[in-house]
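**Student:** Sharing entry.pdb here; it has PDB, C-alpha atoms.
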```
MODEL        1
ATOM      1  CA  MET A   1      12.509  20.761  -6.153  1.00  0.00           C
ATOM      2  CA  ALA A   2      15.362  20.541  -8.644  1.00  0.00           C
ATOM      3  CA  LYS A   3      18.440  18.582  -7.657  1.00  0.00           C
ATOM      4  CA  VAL A   4      21.116  20.912  -6.271  1.00  0.00           C
ATOM      5  CA  LYS A   5      24.772  20.374  -7.183  1.00  0.00           C
ATOM      6  CA  LEU A   6      26.636  19.570  -3.974  1.00  0.00           C
ATOM      7  CA  ASP A   7      30.342  19.042  -3.489  1.00  0.00           C
ATOM      8  CA  ARG A   8      31.973  16.730  -0.931  1.00  0.00           C
ATOM      9  CA  ILE A   9      32.088  19.465   1.732  1.00  0.00           C
ATOM     10  CA  ASP A  10      28.371  20.265   1.300  1.00  0.00           C
ATOM     11  CA  ARG A  11      27.550  16.565   1.632  1.00  0.00           C
ATOM     12  CA  LYS A  12      29.721  16.256   4.752  1.00  0.00           C
ATOM     13  CA  ILE A  13      27.933  19.260   6.270  1.00  0.00           C
ATOM     14  CA  LEU A  14      24.537  17.744   5.438  1.00  0.00           C
ATOM     15  CA  ASN A  15      25.492  14.354   6.831  1.00  0.00           C
ATOM     16  CA  ASP A  16      26.788  15.823  10.077  1.00  0.00           C
ATOM     17  CA  LEU A  17      23.822  18.178  10.570  1.00  0.00           C
ATOM     18  CA  GLN A  18      21.415  15.329   9.864  1.00  0.00           C
ATOM     19  CA  GLU A  19      23.102  13.308  12.612  1.00  0.00           C
ATOM     20  CA  ASN A  20      23.280  16.215  15.084  1.00  0.00           C
ATOM     21  CA  GLY A  21      21.379  19.391  14.222  1.00  0.00           C
ATOM     22  CA  ARG A  22      22.633  21.095  17.402  1.00  0.00           C
ATOM     23  CA  MET A  23      26.267  20.874  16.367  1.00  0.00           C
ATOM     24  CA  THR A  24      27.990  24.252  16.597  1.00  0.00           C
ATOM     25  CA  ASN A  25      29.194  25.904  13.419  1.00  0.00           C
ATOM     26  CA  VAL A  26      32.780  25.666  14.707  1.00  0.00           C
ATOM     27  CA  GLU A  27      32.472  21.911  15.260  1.00  0.00           C
ATOM     28  CA  LEU A  28      30.715  21.470  11.917  1.00  0.00           C
ATOM     29  CA  ALA A  29      33.484  23.413  10.162  1.00  0.00           C
ATOM     30  CA  GLU A  30      36.203  21.329  11.830  1.00  0.00           C
ATOM     31  CA  ARG A  31      34.495  18.108  10.775  1.00  0.00           C
ATOM     32  CA  ALA A  32      34.132  19.396   7.202  1.00  0.00           C
ATOM     33  CA  GLY A  33      37.754  20.519   7.093  1.00  0.00           C
ATOM     34  CA  ILE A  34      37.045  24.219   6.514  1.00  0.00           C
ATOM     35  CA  SER A  35      36.990  27.357   8.669  1.00  0.00           C
ATOM     36  CA  ALA A  36      33.843  28.580  10.418  1.00  0.00           C
ATOM     37  CA  PRO A  37      32.861  31.582   8.190  1.00  0.00           C
ATOM     38  CA  PRO A  38      32.721  29.644   4.886  1.00  0.00           C
ATOM     39  CA  CYS A  39      30.969  26.794   6.699  1.00  0.00           C
ATOM     40  CA  LEU A  40      28.259  29.154   7.908  1.00  0.00           C
ATOM     41  CA  ARG A  41      27.889  30.576   4.378  1.00  0.00           C
ATOM     42  CA  ARG A  42      27.480  27.048   3.009  1.00  0.00           C
ATOM     43  CA  VAL A  43      24.869  26.148   5.621  1.00  0.00           C
ATOM     44  CA  ARG A  44      22.904  29.317   4.862  1.00  0.00           C
ATOM     45  CA  ALA A  45      23.119  28.632   1.114  1.00  0.00           C
ATOM     46  CA  LEU A  46      21.847  25.066   1.705  1.00  0.00           C
ATOM     47  CA  GLU A  47      18.960  26.472   3.756  1.00  0.00           C
ATOM     48  CA  GLU A  48      18.107  29.099   1.119  1.00  0.00           C
ATOM     49  CA  ALA A  49      18.212  26.465  -1.642  1.00  0.00           C
ATOM     50  CA  GLY A  50      15.720  24.361   0.333  1.00  0.00           C
ATOM     51  CA  VAL A  51      18.130  21.454   0.788  1.00  0.00           C
ATOM     52  CA  ILE A  52      17.961  21.976   4.559  1.00  0.00           C
ATOM     53  CA  LYS A  53      14.260  22.340   5.304  1.00  0.00           C
ATOM     54  CA  GLY A  54      14.448  22.834   9.067  1.00  0.00           C
ATOM     55  CA  TYR A  55      15.800  21.680  12.399  1.00  0.00           C
ATOM     56  CA  HIS A  56      13.851  19.497  14.797  1.00  0.00           C
ATOM     57  CA  ALA A  57      14.167  17.823  18.164  1.00  0.00           C
ATOM     58  CA  ASP A  58      13.619  14.045  18.116  1.00  0.00           C
ATOM     59  CA  ILE A  59      11.197  13.688  21.029  1.00  0.00           C
ATOM     60  CA  ASP A  60      10.420  10.358  22.672  1.00  0.00           C
ATOM     61  CA  PRO A  61       6.642   9.912  22.162  1.00  0.00           C
ATOM     62  CA  GLY A  62       6.232   7.923  25.400  1.00  0.00           C
ATOM     63  CA  SER A  63       7.681  10.738  27.474  1.00  0.00           C
ATOM     64  CA  LEU A  64       4.698  12.885  26.443  1.00  0.00           C
ATOM     65  CA  GLY A  65       2.175  10.103  26.902  1.00  0.00           C
ATOM     66  CA  TYR A  66       1.891   8.883  23.288  1.00  0.00           C
ATOM     67  CA  GLY A  67       2.067   5.130  23.760  1.00  0.00           C
ATOM     68  CA  VAL A  68       0.940   3.928  20.341  1.00  0.00           C
ATOM     69  CA  SER A  69       1.714   4.628  16.712  1.00  0.00           C
ATOM     70  CA  VAL A  70      -0.816   3.531  14.140  1.00  0.00           C
ATOM     71  CA  PHE A  71      -0.446   3.374  10.385  1.00  0.00           C
ATOM     72  CA  ALA A  72      -3.783   3.957   8.683  1.00  0.00           C
ATOM     73  CA  GLN A  73      -4.289   3.098   5.030  1.00  0.00           C
ATOM     74  CA  VAL A  74      -6.992   5.404   3.743  1.00  0.00           C
ATOM     75  CA  GLY A  75      -8.959   5.064   0.520  1.00  0.00           C
ATOM     76  CA  LEU A  76     -10.919   7.951  -0.967  1.00  0.00           C
ATOM     77  CA  SER A  77     -14.219   7.537  -2.810  1.00  0.00           C
ATOM     78  CA  ASN A  78     -13.094  10.082  -5.401  1.00  0.00           C
ATOM     79  CA  GLN A  79      -9.412  10.614  -6.196  1.00  0.00           C
ATOM     80  CA  SER A  80      -9.643  13.863  -8.150  1.00  0.00           C
ATOM     81  CA  GLU A  81      -6.901  16.416  -7.542  1.00  0.00           C
ATOM     82  CA  THR A  82      -9.427  18.697  -5.824  1.00  0.00           C
ATOM     83  CA  ASP A  83     -10.586  15.931  -3.488  1.00  0.00           C
ATOM     84  CA  GLN A  84      -7.009  14.938  -2.693  1.00  0.00           C
ATOM     85  CA  LYS A  85      -6.136  18.545  -1.814  1.00  0.00           C
ATOM     86  CA  LYS A  86      -9.231  18.818   0.421  1.00  0.00           C
ATOM     87  CA  PHE A  87      -8.270  15.634   2.254  1.00  0.00           C
ATOM     88  CA  GLU A  88      -4.650  16.756   2.642  1.00  0.00           C
ATOM     89  CA  GLU A  89      -5.721  20.141   4.033  1.00  0.00           C
ATOM     90  CA  LEU A  90      -8.029  18.407   6.522  1.00  0.00           C
ATOM     91  CA  VAL A  91      -5.242  16.025   7.604  1.00  0.00           C
ATOM     92  CA  LYS A  92      -2.992  19.031   8.311  1.00  0.00           C
ATOM     93  CA  THR A  93      -5.494  20.169  10.981  1.00  0.00           C
ATOM     94  CA  TRP A  94      -5.201  16.901  12.950  1.00  0.00           C
ATOM     95  CA  PRO A  95      -2.261  17.086  15.400  1.00  0.00           C
ATOM     96  CA  LEU A  96      -2.222  13.319  15.988  1.00  0.00           C
ATOM     97  CA  VAL A  97      -1.411  12.717  12.315  1.00  0.00           C
ATOM     98  CA  ARG A  98       2.353  13.110  12.125  1.00  0.00           C
ATOM     99  CA  GLU A  99       2.937  11.981   8.525  1.00  0.00           C
ATOM    100  CA  CYS A 100       0.732  11.670   5.467  1.00  0.00           C
ATOM    101  CA  TYR A 101       1.766  10.093   2.170  1.00  0.00           C
ATOM    102  CA  LEU A 102      -0.153   9.896  -1.090  1.00  0.00           C
ATOM    103  CA  VAL A 103       0.656   6.385  -2.303  1.00  0.00           C
ATOM    104  CA  SER A 104      -0.032   4.080  -5.196  1.00  0.00           C
ATOM    105  CA  GLY A 105      -1.586   0.680  -4.708  1.00  0.00           C
ATOM    106  CA  ASP A 106      -4.617  -0.510  -2.754  1.00  0.00           C
ATOM    107  CA  SER A 107      -4.909   2.691  -0.696  1.00  0.00           C
ATOM    108  CA  ASP A 108      -4.677   6.345  -1.580  1.00  0.00           C
ATOM    109  CA  TYR A 109      -2.925   7.539   1.587  1.00  0.00           C
ATOM    110  CA  ILE A 110      -0.907   6.174   4.465  1.00  0.00           C
ATOM    111  CA  LEU A 111      -1.081   8.162   7.690  1.00  0.00           C
ATOM    112  CA  LYS A 112       1.189   7.816  10.704  1.00  0.00           C
ATOM    113  CA  ILE A 113      -0.898   8.623  13.763  1.00  0.00           C
ATOM    114  CA  VAL A 114       0.219   8.828  17.383  1.00  0.00           C
ATOM    115  CA  ALA A 115      -2.152   8.460  20.323  1.00  0.00           C
ATOM    116  CA  GLU A 116      -2.015   7.928  24.072  1.00  0.00           C
ATOM    117  CA  ASP A 117      -3.376   4.401  23.736  1.00  0.00           C
ATOM    118  CA  TRP A 118      -5.523   2.231  21.469  1.00  0.00           C
ATOM    119  CA  GLY A 119      -8.720   3.723  22.887  1.00  0.00           C
ATOM    120  CA  ALA A 120      -7.548   7.252  22.097  1.00  0.00           C
ATOM    121  CA  TYR A 121      -6.778   6.139  18.539  1.00  0.00           C
ATOM    122  CA  GLN A 122     -10.243   4.607  18.216  1.00  0.00           C
ATOM    123  CA  SER A 123     -11.757   7.910  19.369  1.00  0.00           C
ATOM    124  CA  PHE A 124      -9.732   9.777  16.749  1.00  0.00           C
ATOM    125  CA  LEU A 125     -10.750   7.204  14.156  1.00  0.00           C
ATOM    126  CA  THR A 126     -14.479   7.536  14.817  1.00  0.00           C
ATOM    127  CA  GLN A 127     -14.646  11.277  15.527  1.00  0.00           C
ATOM    128  CA  HIS A 128     -12.284  12.531  12.828  1.00  0.00           C
ATOM    129  CA  LEU A 129     -10.925  10.106  10.256  1.00  0.00           C
ATOM    130  CA  SER A 130     -14.064   8.019   9.623  1.00  0.00           C
ATOM    131  CA  ALA A 131     -16.204  11.146   9.790  1.00  0.00           C
ATOM    132  CA  ALA A 132     -14.167  12.917   7.112  1.00  0.00           C
ATOM    133  CA  PRO A 133     -15.850  13.397   3.737  1.00  0.00           C
ATOM    134  CA  ASN A 134     -14.938  11.209   0.759  1.00  0.00           C
ATOM    135  CA  ILE A 135     -13.495   8.304   2.819  1.00  0.00           C
ATOM    136  CA  SER A 136     -14.218   4.886   1.320  1.00  0.00           C
ATOM    137  CA  GLN A 137     -12.021   2.656   3.465  1.00  0.00           C
ATOM    138  CA  ILE A 138      -9.629   2.706   6.406  1.00  0.00           C
ATOM    139  CA  LYS A 139      -7.307  -0.112   7.437  1.00  0.00           C
ATOM    140  CA  SER A 140      -5.365   0.347  10.670  1.00  0.00           C
ATOM    141  CA  ALA A 141      -2.103  -1.329  11.672  1.00  0.00           C
ATOM    142  CA  LEU A 142      -0.720  -0.885  15.176  1.00  0.00           C
ATOM    143  CA  GLY A 143       3.026  -0.274  15.323  1.00  0.00           C
ATOM    144  CA  VAL A 144       4.381  -2.863  17.761  1.00  0.00           C
ATOM    145  CA  ARG A 145       7.966  -1.601  18.087  1.00  0.00           C
ATOM    146  CA  ILE A 146      10.375   0.589  16.208  1.00  0.00           C
ATOM    147  CA  ALA A 147      13.117  -1.567  14.730  1.00  0.00           C
ATOM    148  CA  LYS A 148      14.820   1.369  13.010  1.00  0.00           C
ATOM    149  CA  HIS A 149      14.311   5.115  13.179  1.00  0.00           C
ATOM    150  CA  LYS A 150      16.668   7.083  10.950  1.00  0.00           C
ATOM    151  CA  PRO A 151      15.261  10.440   9.869  1.00  0.00           C
ATOM    152  CA  GLY A 152      16.478  12.060   6.682  1.00  0.00           C
ATOM    153  CA  VAL A 153      18.156  10.407   3.719  1.00  0.00           C
ATOM    154  CA  PRO A 154      21.468   8.647   3.096  1.00  0.00           C
ATOM    155  CA  VAL A 155      24.164  11.210   2.244  1.00  0.00           C
ATOM    156  CA  ASP A 156      27.052   9.941   0.118  1.00  0.00           C
ATOM    157  CA  ILE A 157      30.042  11.919   1.375  1.00  0.00           C
ATOM    158  CA  GLU A 158      32.618  10.247  -0.906  1.00  0.00           C
TER     159      GLU A 158
ENDMDL
END
```
Please rewrite the model in this file as structure tokens.

**Tutor:**
Amino acid sequence: MAKVKLDRIDRKILNDLQENGRMTNVELAERAGISAPPCLRRVRALEEAGVIKGYHADIDPGSLGYGVSVFAQVGLSNQSETDQKKFEELVKTWPLVRECYLVSGDSDYILKIVAEDWGAYQSFLTQHLSAAPNISQIKSALGVRIAKHKPGVPVDIE
């Protein structure tokens, strides 16, 4: 996506929505220093331009029984574009995989996987991830605690 030219008000809107996506348009407009109708037009323009990709609830994993997060470094036997696309499409079918990054370095992908417990992760590992075609290696790291969780990106509002 091409970089979109944003003024200070757009950046303030983005910063505030990133912090609280349930903020009302009236409150958002007040914080940005503009009236509600132009604020709503700006938000819609940011959505249409793809700057705002969606709105999500930040759900506590433990409250739904997901007690562990695991980061799996996955290596592919063949790294052709076709094989990468096949792997990425397969990953999209696995609900426990919450994030998937193509990376450079020792591994080809890093996956963030949630599971009820270590045993549930091991079941996923043996039944799905290890069984997937074109996998050459998997290294798993158990997330012990979250020291920082800040979705989104820094928004310079100055």

**Student:** Using only C-alpha atoms, determine which residues lie at most 10 Å from Leu14 (chain A), disregarding the query and same-chain residues fewer than 4 positions distant; provide the list as a PDB file with C-alpha atoms, in the coordinates of the input.

**Tutor:**
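What follows is the written file result_39.pdb:
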```
ATOM      1  CA  LEU A   6      26.636  19.570  -3.974  1.00  0.00           C
ATOM      2  CA  ARG A   8      31.973  16.730  -0.931  1.00  0.00           C
ATOM      3  CA  ILE A   9      32.088  19.465   1.732  1.00  0.00           C
ATOM      4  CA  ASP A  10      28.371  20.265   1.300  1.00  0.00           C
ATOM      5  CA  GLN A  18      21.415  15.329   9.864  1.00  0.00           C
ATOM      6  CA  GLU A  19      23.102  13.308  12.612  1.00  0.00           C
ATOM      7  CA  ASN A  20      23.280  16.215  15.084  1.00  0.00           C
ATOM      8  CA  GLY A  21      21.379  19.391  14.222  1.00  0.00           C
ATOM      9  CA  LEU A  28      30.715  21.470  11.917  1.00  0.00           C
ATOM     10  CA  ALA A  32      34.132  19.396   7.202  1.00  0.00           C
ATOM     11  CA  VAL A  43      24.869  26.148   5.621  1.00  0.00           C
ATOM     12  CA  LEU A  46      21.847  25.066   1.705  1.00  0.00           C
ATOM     13  CA  VAL A  51      18.130  21.454   0.788  1.00  0.00           C
ATOM     14  CA  ILE A  52      17.961  21.976   4.559  1.00  0.00           C
ATOM     15  CA  GLY A 152      16.478  12.060   6.682  1.00  0.00           C
ATOM     16  CA  VAL A 153      18.156  10.407   3.719  1.00  0.00           C
ATOM     17  CA  PRO A 154      21.468   8.647   3.096  1.00  0.00           C
ATOM     18  CA  VAL A 155      24.164  11.210   2.244  1.00  0.00           C
ATOM     19  CA  ASP A 156      27.052   9.941   0.118  1.00  0.00           C
ATOM     20  CA  ILE A 157      30.042  11.919   1.375  1.00  0.00           C
TER      21      ILE A 157
END
```

**Student:** Set the distance at 12 Å and use all atoms listed in the file: which residues neighbour Ala115 (chain A) once local chain neighbours fewer than 6 positions away are removed? I'd like the list as a PyMOL selection string.

**Tutor:** chain A and resi 61-62+64-71+94-98+121-125+142-143

**Student:** For CA of Lys5 (chain A) and CA of Ala29 (chain A), quote the distance in Å rounded to one decimal.

**Tutor:**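 For CA of Lys5 (chain A) relative to CA of Ala29 (chain A), the distance reads 19.6 Å.
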
**Student:** Please indicate the distance in Å from CA of Thr82 (chain A) to CA of Tyr101 (chain A), rounded to one decimal place.

**Tutor:**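 Between these atoms lies a distance of 16.2 Å.
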
**Student:** Measure the distance from CA of Phe87 (chain A) to CA of Ala141 (chain A) in Å and round it to one decimal.

**Tutor:** 20.4 Å

**Student:** Within 10 Å of (-7.8, 14.9, 4.8), in the coordinates the file gives, what residues turn up when you count only C-alpha atoms, written out as a list in words?

**Tutor:**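 It turns out the residues near that spot are Val74, Leu76, Asp83, Gln84, Lys85, Lys86, Phe87, Glu88, Glu89, Leu90, Val91, Lys92, Thr93, Trp94, Cys100, Tyr109, Leu111, His128, Leu129, Ala132, Pro133, Asn134 and Ile135 of chain A.
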
**Student:** Please evaluate the PyMOL selection byres ((chain A and resi 107) around 6) against the displayed coordinates and give the resulting residues as a PyMOL selection string.

**Tutor:** chain A and resi 73-75+105-106+108-109

**Student:** Using the selection just defined, write its residues with C-alpha atoms as a short mmCIF file (atom, residue, chain, number, x, y, z; two decimals), in the frame of the given file.

**Tutor:**
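Below you can see part-v2.cif, which holds the result:
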```
data_model
loop_
_atom_site.label_atom_id
_atom_site.label_comp_id
_atom_site.auth_asym_id
_atom_site.auth_seq_id
_atom_site.Cartn_x
_atom_site.Cartn_y
_atom_site.Cartn_z
CA GLN A 73 -4.29 3.10 5.03
CA VAL A 74 -6.99 5.40 3.74
CA GLY A 75 -8.96 5.06 0.52
CA GLY A 105 -1.59 0.68 -4.71
CA ASP A 106 -4.62 -0.51 -2.75
CA ASP A 108 -4.68 6.34 -1.58
CA TYR A 109 -2.92 7.54 1.59
#
```

**Student:** Go through A:Arg11, A:Ala45, A:His149, A:Ala72 one by one, measure the shortest atom-to-atom distance of each to Ile113 (chain A) using only C-alpha atoms, and give the residue with the smallest value.

**Tutor:**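 Counting only C-alpha atoms, the residue closest to Ile113 (chain A) is A:Ala72.
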
**Student:** For Pro151 (chain A), which residue out of A:Val26, A:Ile34, A:Ala57, A:Val114 is the nearest one, using all atoms listed in the file?

**Tutor:**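 Comparing A:Val26, A:Ile34, A:Ala57, A:Val114 against Pro151 (chain A), the winner is A:Ala57.
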
**Student:** Considering all atoms listed in the file, state which residue in the set A:Arg44, A:His56, A:Lys139, A:Lys150 is at the smallest distance from Arg22 (chain A).

**Tutor:** A:His56

**Student:** Give me region 3-14 of chain A from this structure - all heavy atoms, as a PDB file, in the first residue's frame.

**Tutor:**
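Written output follows (selection-v9.pdb):
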```pdb
ATOM      1  N   LYS A   3       2.047   5.041   0.759  1.00  0.00           N
ATOM      2  CA  LYS A   3       1.914   5.900   1.927  1.00  0.00           C
ATOM      3  C   LYS A   3       0.898   6.994   1.621  1.00  0.00           C
ATOM      4  O   LYS A   3       0.944   7.614   0.570  1.00  0.00           O
ATOM      5  CB  LYS A   3       3.271   6.500   2.290  1.00  0.00           C
ATOM      6  CG  LYS A   3       3.260   7.228   3.604  1.00  0.00           C
ATOM      7  CD  LYS A   3       4.649   7.654   4.010  1.00  0.00           C
ATOM      8  CE  LYS A   3       4.596   8.408   5.320  1.00  0.00           C
ATOM      9  NZ  LYS A   3       5.907   8.851   5.742  1.00  0.00           N
ATOM     10  N   VAL A   4      -0.025   7.209   2.543  1.00  0.00           N
ATOM     11  CA  VAL A   4      -1.087   8.199   2.389  1.00  0.00           C
ATOM     12  C   VAL A   4      -0.655   9.475   3.105  1.00  0.00           C
ATOM     13  O   VAL A   4      -0.122   9.423   4.210  1.00  0.00           O
ATOM     14  CB  VAL A   4      -2.416   7.662   2.983  1.00  0.00           C
ATOM     15  CG1 VAL A   4      -3.505   8.697   2.895  1.00  0.00           C
ATOM     16  CG2 VAL A   4      -2.829   6.381   2.277  1.00  0.00           C
ATOM     17  N   LYS A   5      -0.899  10.618   2.482  1.00  0.00           N
ATOM     18  CA  LYS A   5      -0.562  11.899   3.114  1.00  0.00           C
ATOM     19  C   LYS A   5      -1.606  12.211   4.185  1.00  0.00           C
ATOM     20  O   LYS A   5      -2.799  12.284   3.905  1.00  0.00           O
ATOM     21  CB  LYS A   5      -0.525  13.002   2.072  1.00  0.00           C
ATOM     22  CG  LYS A   5      -0.023  14.321   2.621  1.00  0.00           C
ATOM     23  CD  LYS A   5       0.252  15.304   1.502  1.00  0.00           C
ATOM     24  CE  LYS A   5       0.584  16.658   2.051  1.00  0.00           C
ATOM     25  NZ  LYS A   5       1.987  16.904   2.185  1.00  0.00           N
ATOM     26  N   LEU A   6      -1.141  12.354   5.402  1.00  0.00           N
ATOM     27  CA  LEU A   6      -2.014  12.600   6.551  1.00  0.00           C
ATOM     28  C   LEU A   6      -1.622  13.903   7.230  1.00  0.00           C
ATOM     29  O   LEU A   6      -0.444  14.144   7.461  1.00  0.00           O
ATOM     30  CB  LEU A   6      -1.893  11.453   7.560  1.00  0.00           C
ATOM     31  CG  LEU A   6      -2.158  10.042   7.041  1.00  0.00           C
ATOM     32  CD1 LEU A   6      -1.780   9.016   8.091  1.00  0.00           C
ATOM     33  CD2 LEU A   6      -3.601   9.890   6.636  1.00  0.00           C
ATOM     34  N   ASP A   7      -2.618  14.705   7.580  1.00  0.00           N
ATOM     35  CA  ASP A   7      -2.320  15.914   8.332  1.00  0.00           C
ATOM     36  C   ASP A   7      -2.408  15.614   9.830  1.00  0.00           C
ATOM     37  O   ASP A   7      -2.674  14.482  10.254  1.00  0.00           O
ATOM     38  CB  ASP A   7      -3.230  17.079   7.911  1.00  0.00           C
ATOM     39  CG  ASP A   7      -4.701  16.857   8.231  1.00  0.00           C
ATOM     40  OD1 ASP A   7      -5.045  15.938   9.009  1.00  0.00           O
ATOM     41  OD2 ASP A   7      -5.530  17.628   7.708  1.00  0.00           O
ATOM     42  N   ARG A   8      -2.167  16.654  10.650  1.00  0.00           N
ATOM     43  CA  ARG A   8      -2.153  16.471  12.101  1.00  0.00           C
ATOM     44  C   ARG A   8      -3.491  15.949  12.619  1.00  0.00           C
ATOM     45  O   ARG A   8      -3.534  15.093  13.499  1.00  0.00           O
ATOM     46  CB  ARG A   8      -1.813  17.802  12.790  1.00  0.00           C
ATOM     47  CG  ARG A   8      -1.640  17.666  14.306  1.00  0.00           C
ATOM     48  CD  ARG A   8      -1.594  19.004  15.017  1.00  0.00           C
ATOM     49  NE  ARG A   8      -2.801  19.784  14.885  1.00  0.00           N
ATOM     50  CZ  ARG A   8      -3.948  19.528  15.544  1.00  0.00           C
ATOM     51  NH1 ARG A   8      -4.036  18.506  16.355  1.00  0.00           N
ATOM     52  NH2 ARG A   8      -4.997  20.301  15.378  1.00  0.00           N
ATOM     53  N   ILE A   9      -4.595  16.423  12.063  1.00  0.00           N
ATOM     54  CA  ILE A   9      -5.918  15.982  12.519  1.00  0.00           C
ATOM     55  C   ILE A   9      -6.131  14.511  12.188  1.00  0.00           C
ATOM     56  O   ILE A   9      -6.620  13.737  13.029  1.00  0.00           O
ATOM     57  CB  ILE A   9      -7.032  16.868  11.926  1.00  0.00           C
ATOM     58  CG1 ILE A   9      -6.922  18.295  12.497  1.00  0.00           C
ATOM     59  CG2 ILE A   9      -8.411  16.284  12.212  1.00  0.00           C
ATOM     60  CD1 ILE A   9      -7.837  19.307  11.841  1.00  0.00           C
ATOM     61  N   ASP A  10      -5.753  14.086  10.975  1.00  0.00           N
ATOM     62  CA  ASP A  10      -5.861  12.664  10.614  1.00  0.00           C
ATOM     63  C   ASP A  10      -5.058  11.808  11.580  1.00  0.00           C
ATOM     64  O   ASP A  10      -5.523  10.764  12.048  1.00  0.00           O
ATOM     65  CB  ASP A  10      -5.349  12.422   9.190  1.00  0.00           C
ATOM     66  CG  ASP A  10      -6.236  13.004   8.116  1.00  0.00           C
ATOM     67  OD1 ASP A  10      -7.460  13.082   8.325  1.00  0.00           O
ATOM     68  OD2 ASP A  10      -5.701  13.375   7.051  1.00  0.00           O
ATOM     69  N   ARG A  11      -3.843  12.244  11.895  1.00  0.00           N
ATOM     70  CA  ARG A  11      -2.986  11.473  12.802  1.00  0.00           C
ATOM     71  C   ARG A  11      -3.578  11.426  14.219  1.00  0.00           C
ATOM     72  O   ARG A  11      -3.492  10.408  14.887  1.00  0.00           O
ATOM     73  CB  ARG A  11      -1.571  12.044  12.825  1.00  0.00           C
ATOM     74  CG  ARG A  11      -0.843  11.819  11.511  1.00  0.00           C
ATOM     75  CD  ARG A  11       0.566  12.428  11.541  1.00  0.00           C
ATOM     76  NE  ARG A  11       1.259  12.185  10.311  1.00  0.00           N
ATOM     77  CZ  ARG A  11       1.869  11.044  10.003  1.00  0.00           C
ATOM     78  NH1 ARG A  11       1.881  10.052  10.858  1.00  0.00           N
ATOM     79  NH2 ARG A  11       2.475  10.905   8.850  1.00  0.00           N
ATOM     80  N   LYS A  12      -4.173  12.510  14.648  1.00  0.00           N
ATOM     81  CA  LYS A  12      -4.821  12.534  15.972  1.00  0.00           C
ATOM     82  C   LYS A  12      -5.992  11.557  15.986  1.00  0.00           C
ATOM     83  O   LYS A  12      -6.168  10.794  16.943  1.00  0.00           O
ATOM     84  CB  LYS A  12      -5.291  13.962  16.294  1.00  0.00           C
ATOM     85  CG  LYS A  12      -5.987  14.106  17.628  1.00  0.00           C
ATOM     86  CD  LYS A  12      -5.054  13.949  18.794  1.00  0.00           C
ATOM     87  CE  LYS A  12      -5.762  14.285  20.091  1.00  0.00           C
ATOM     88  NZ  LYS A  12      -5.465  13.322  21.140  1.00  0.00           N
ATOM     89  N   ILE A  13      -6.776  11.565  14.917  1.00  0.00           N
ATOM     90  CA  ILE A  13      -7.904  10.622  14.804  1.00  0.00           C
ATOM     91  C   ILE A  13      -7.392   9.187  14.846  1.00  0.00           C
ATOM     92  O   ILE A  13      -7.922   8.347  15.585  1.00  0.00           O
ATOM     93  CB  ILE A  13      -8.708  10.899  13.522  1.00  0.00           C
ATOM     94  CG1 ILE A  13      -9.496  12.207  13.650  1.00  0.00           C
ATOM     95  CG2 ILE A  13      -9.633   9.737  13.192  1.00  0.00           C
ATOM     96  CD1 ILE A  13     -10.111  12.706  12.355  1.00  0.00           C
ATOM     97  N   LEU A  14      -6.354   8.896  14.082  1.00  0.00           N
ATOM     98  CA  LEU A  14      -5.793   7.538  14.062  1.00  0.00           C
ATOM     99  C   LEU A  14      -5.267   7.134  15.422  1.00  0.00           C
ATOM    100  O   LEU A  14      -5.510   6.015  15.890  1.00  0.00           O
ATOM    101  CB  LEU A  14      -4.685   7.436  13.008  1.00  0.00           C
ATOM    102  CG  LEU A  14      -5.137   7.518  11.565  1.00  0.00           C
ATOM    103  CD1 LEU A  14      -3.930   7.604  10.641  1.00  0.00           C
ATOM    104  CD2 LEU A  14      -6.014   6.326  11.203  1.00  0.00           C
TER     105      LEU A  14
END
```
